[in-house]
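*Asks:* This is the structure I have questions about; it appears just below.
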Amino acid sequence: MPLSPDEIERYKRQIMIADWGTPGQERLRAASVFIAGAGGLGSPVSMYLTAAGVGTIRICDCGEPELSNLNRQLLHDDTRIGTNKALSARQTLERINPHVNVIALPETITDRGIAGLAGDATLIIDCLDNFETRHVLNRYAVSRHIPLVHGAIHGLSGQLSVFHSPRTPCLACIFPPGVPKEIFPVAGFTPGVIGLLQATETVKIILGLGAPLYGTLLMWDGAEADFQKIPVCRSPACPVCGQQPSDRAI
Amino acid sequence: MDTQLSEQERERYHRQMIFPGWGTEAQAKIKKSTVFIAGAGGLGSPVSMYLAVAGVGTLRICDCGSPELSNLNRQILHDDSRIGINKALSARQTLERLNPDIRIEARTDTISDDTVAGIVGNVDLIMDCLDNFDTRHVLNRYGLQENIPLIHGGVFGMRGQMTFIHPPETPCLWCIQPGSPPPVLFPIVGATAGVIGSLQALEALKYLSGVGTVLKSSLLVWDGARVDFMLLPQQKNPGCPVCGDDAA
């Protein structure tokens, strides 16, 4: 089905981008993404992907907004304290763009449950706050050969990379399991910057625009406004992707 | 406004107050601050939303336009139900929902050399979230005259730029971008405005709180297609008609 006149008007400023056009907008509308986490990173990621017109947003969080989340989690507000974050996210996202199909998943992400949660998503966005669950996403993304857009923050710093096994290393090649959970300082704009970079990478991957961050870890230090790009390599001994053939066509 | 932090505020801002060097003191400084946001569009959305949730005491947000359907791919302050009302008034509704502990003032006038003093008034910081250089230069002149720092942001397509301007310590906006390119309807990706806007909010909070290093005399240029960030050093122009030695 072609875009309606209403959709063309709504998205016209991005349809003007070279190599975007109405075919690109239709590709976005046909896409389904799985957003793991509706917190500091999940807020800008989901809000901007919804505004941009990604057709299906599957957003998952098992927690509830707390007052101490509200210095950064724009999806929620004081009235949502006590409701599930994924359900709260759906309310906000449906207001931002009524054309988007928002599926709220108020569930815990596990190796057993993830296939059902991710459903038809062809891309996973890591908006989590702990590495244990990130590795669940990674194992699923490697087994299905779908891209994982990784983002993480700590204090005024953050990092970003796009994993797409076997073309790139996987998360476990770079961050072996075992990083402990902790309560770390975080202000809104830090996940804002990283989350918006994740949203940009997601759109680029869906549309085939520009050069996504494959095989590169972007490290950002907000205190000094310093960005560094670090090339990253597959680990042949990686327990997750080490057995994947390296020349598999994607 | 009471500059002491309530129990509720301490809980709301807890996760940022545990930054080394932030604490109660920096949070109280932020609460005492008034920030003027020029523009409630693609840049003004993330700037105002992140400054609101971080607890800037007073946000004065100005826009003379109304949301249109073609704004909604990126202007997350607004939605379909706000089409036709003024953008600053729409912004106030969204921001009051995000943080009931701060004050939001909406300004619906057009900014010009004649009106700027009455619209901006006495503020600690000006955020440039505009889409044209004519009005940016009005803010630049006013900031210089009143000694108020200006955080410039601009986007085009998948590229954007940002810098902190506070002469005489830094160049002024005219030194960096003299004159005004002709206004055109340019392509824009929502997330690009989001990236630049969040970086502007970060610089604002570093300046207001005194935590971290503010990006002075350096233009941050971002290319989203290649994920490239560049810091371009900027110098004062001694012959600048706005901030130079012979300026009126």
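Going by the structure tokens order, chains are called A, B, ..., each with residues numbered from 1, while ligands are numbered from 1 in the order shown.
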Could you list, as JSON, numbers by chain, the residues of chain A having an atom within 8 Å of chain B when counting only C-alpha atoms?
*Replies:* {"A": [9, 10, 11, 12, 13, 14, 15, 16, 17, 47, 48, 51, 52, 53, 67, 68, 69, 70, 71, 72, 74, 76, 77, 78, 95, 96, 97, 155, 184, 185, 186, 187, 188, 189, 190, 192, 193, 196, 197, 199, 200, 204, 209, 210, 211, 212, 213, 222, 223, 224, 225, 227]}
*Asks:* Running DSSP on the backbone, which parts of stretch 75-219 of chain A land in strand (DSSP E or B), as a list in words?
*Replies:* Asn101, Val102, Ile103, Ala104, Leu105, Leu123, Ile124, Ile125, Asp126, Leu148, Val149, His150, Gly151, Ala152, Ile153, His154, Ser157, Gly158, Gln159, Leu160, Ser161, Val162, Phe163, Tyr214, Thr216, Leu217, Leu218 and Met219 of chain A
*Asks:* Deliver the residues from the most recent selection as a file, using C-alpha atoms, as a PDB file, in the first residue's frame.
*Replies:*
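Done, and the output landed in selection_31.pdb:
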ATOM      1  CA  ASN A 101       1.715  -0.002  15.784  1.00  0.00           C
ATOM      2  CA  VAL A 102       3.118  -0.022  19.330  1.00  0.00           C
ATOM      3  CA  ILE A 103       3.242  -3.398  21.063  1.00  0.00           C
ATOM      4  CA  ALA A 104       3.857  -3.159  24.811  1.00  0.00           C
ATOM      5  CA  LEU A 105       5.608  -6.160  26.371  1.00  0.00           C
ATOM      6  CA  LEU A 123      16.475  -5.510  14.444  1.00  0.00           C
ATOM      7  CA  ILE A 124      17.078  -5.327  18.205  1.00  0.00           C
ATOM      8  CA  ILE A 125      17.932  -2.178  20.102  1.00  0.00           C
ATOM      9  CA  ASP A 126      19.711  -2.614  23.421  1.00  0.00           C
ATOM     10  CA  LEU A 148      21.859  -5.539  17.548  1.00  0.00           C
ATOM     11  CA  VAL A 149      22.240  -1.795  18.115  1.00  0.00           C
ATOM     12  CA  HIS A 150      24.085  -1.610  21.421  1.00  0.00           C
ATOM     13  CA  GLY A 151      24.054   1.455  23.664  1.00  0.00           C
ATOM     14  CA  ALA A 152      25.189   1.891  27.262  1.00  0.00           C
ATOM     15  CA  ILE A 153      25.852   4.793  29.583  1.00  0.00           C
ATOM     16  CA  HIS A 154      27.690   5.435  32.813  1.00  0.00           C
ATOM     17  CA  SER A 157      30.002   8.774  29.442  1.00  0.00           C
ATOM     18  CA  GLY A 158      28.456   6.403  26.983  1.00  0.00           C
ATOM     19  CA  GLN A 159      29.159   3.916  24.224  1.00  0.00           C
ATOM     20  CA  LEU A 160      27.578   2.651  21.045  1.00  0.00           C
ATOM     21  CA  SER A 161      28.149  -0.070  18.476  1.00  0.00           C
ATOM     22  CA  VAL A 162      26.257  -2.107  15.892  1.00  0.00           C
ATOM     23  CA  PHE A 163      26.741  -5.867  16.065  1.00  0.00           C
ATOM     24  CA  TYR A 214      29.837  -2.056  12.136  1.00  0.00           C
ATOM     25  CA  THR A 216      33.524  -0.042  15.645  1.00  0.00           C
ATOM     26  CA  LEU A 217      32.871   0.941  19.252  1.00  0.00           C
ATOM     27  CA  LEU A 218      32.126   4.633  19.718  1.00  0.00           C
ATOM     28  CA  MET A 219      33.133   5.879  23.157  1.00  0.00           C
TER      29      MET A 219
END
*Asks:* For B:Ala247, work out the shell of residues within 12 Å, counting only C-alpha atoms and skipping chain neighbours fewer than 3 positions away, then give it as a ChimeraX atom specification.
*Replies:* /B:141,144-145,174,237-244
*Asks:* Quote the spacing between atom CA of A:Asn130 and atom CA of A:His164 in Å to one decimal place.
*Replies:* 20.2 Å
*Asks:* Tell me, as an MDAnalysis selection string, which residues lie within 6 Å of A:Gln73, counting only C-alpha atoms; anything in the same chain fewer than 6 positions away does not count.
*Replies:* chainID A and resid 39:40 43
*Asks:* With C-alpha atoms retained, export the selected residues as a CSV table (one decimal), in the first residue's frame.
*Replies:*
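Once everything was written out, this is again_20.csv:
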chain,number,residue,atom,x,y,z
A,39,GLY,CA,14.1,3.8,30.5
A,40,GLY,CA,16.7,6.4,29.9
A,43,SER,CA,12.9,6.9,25.8
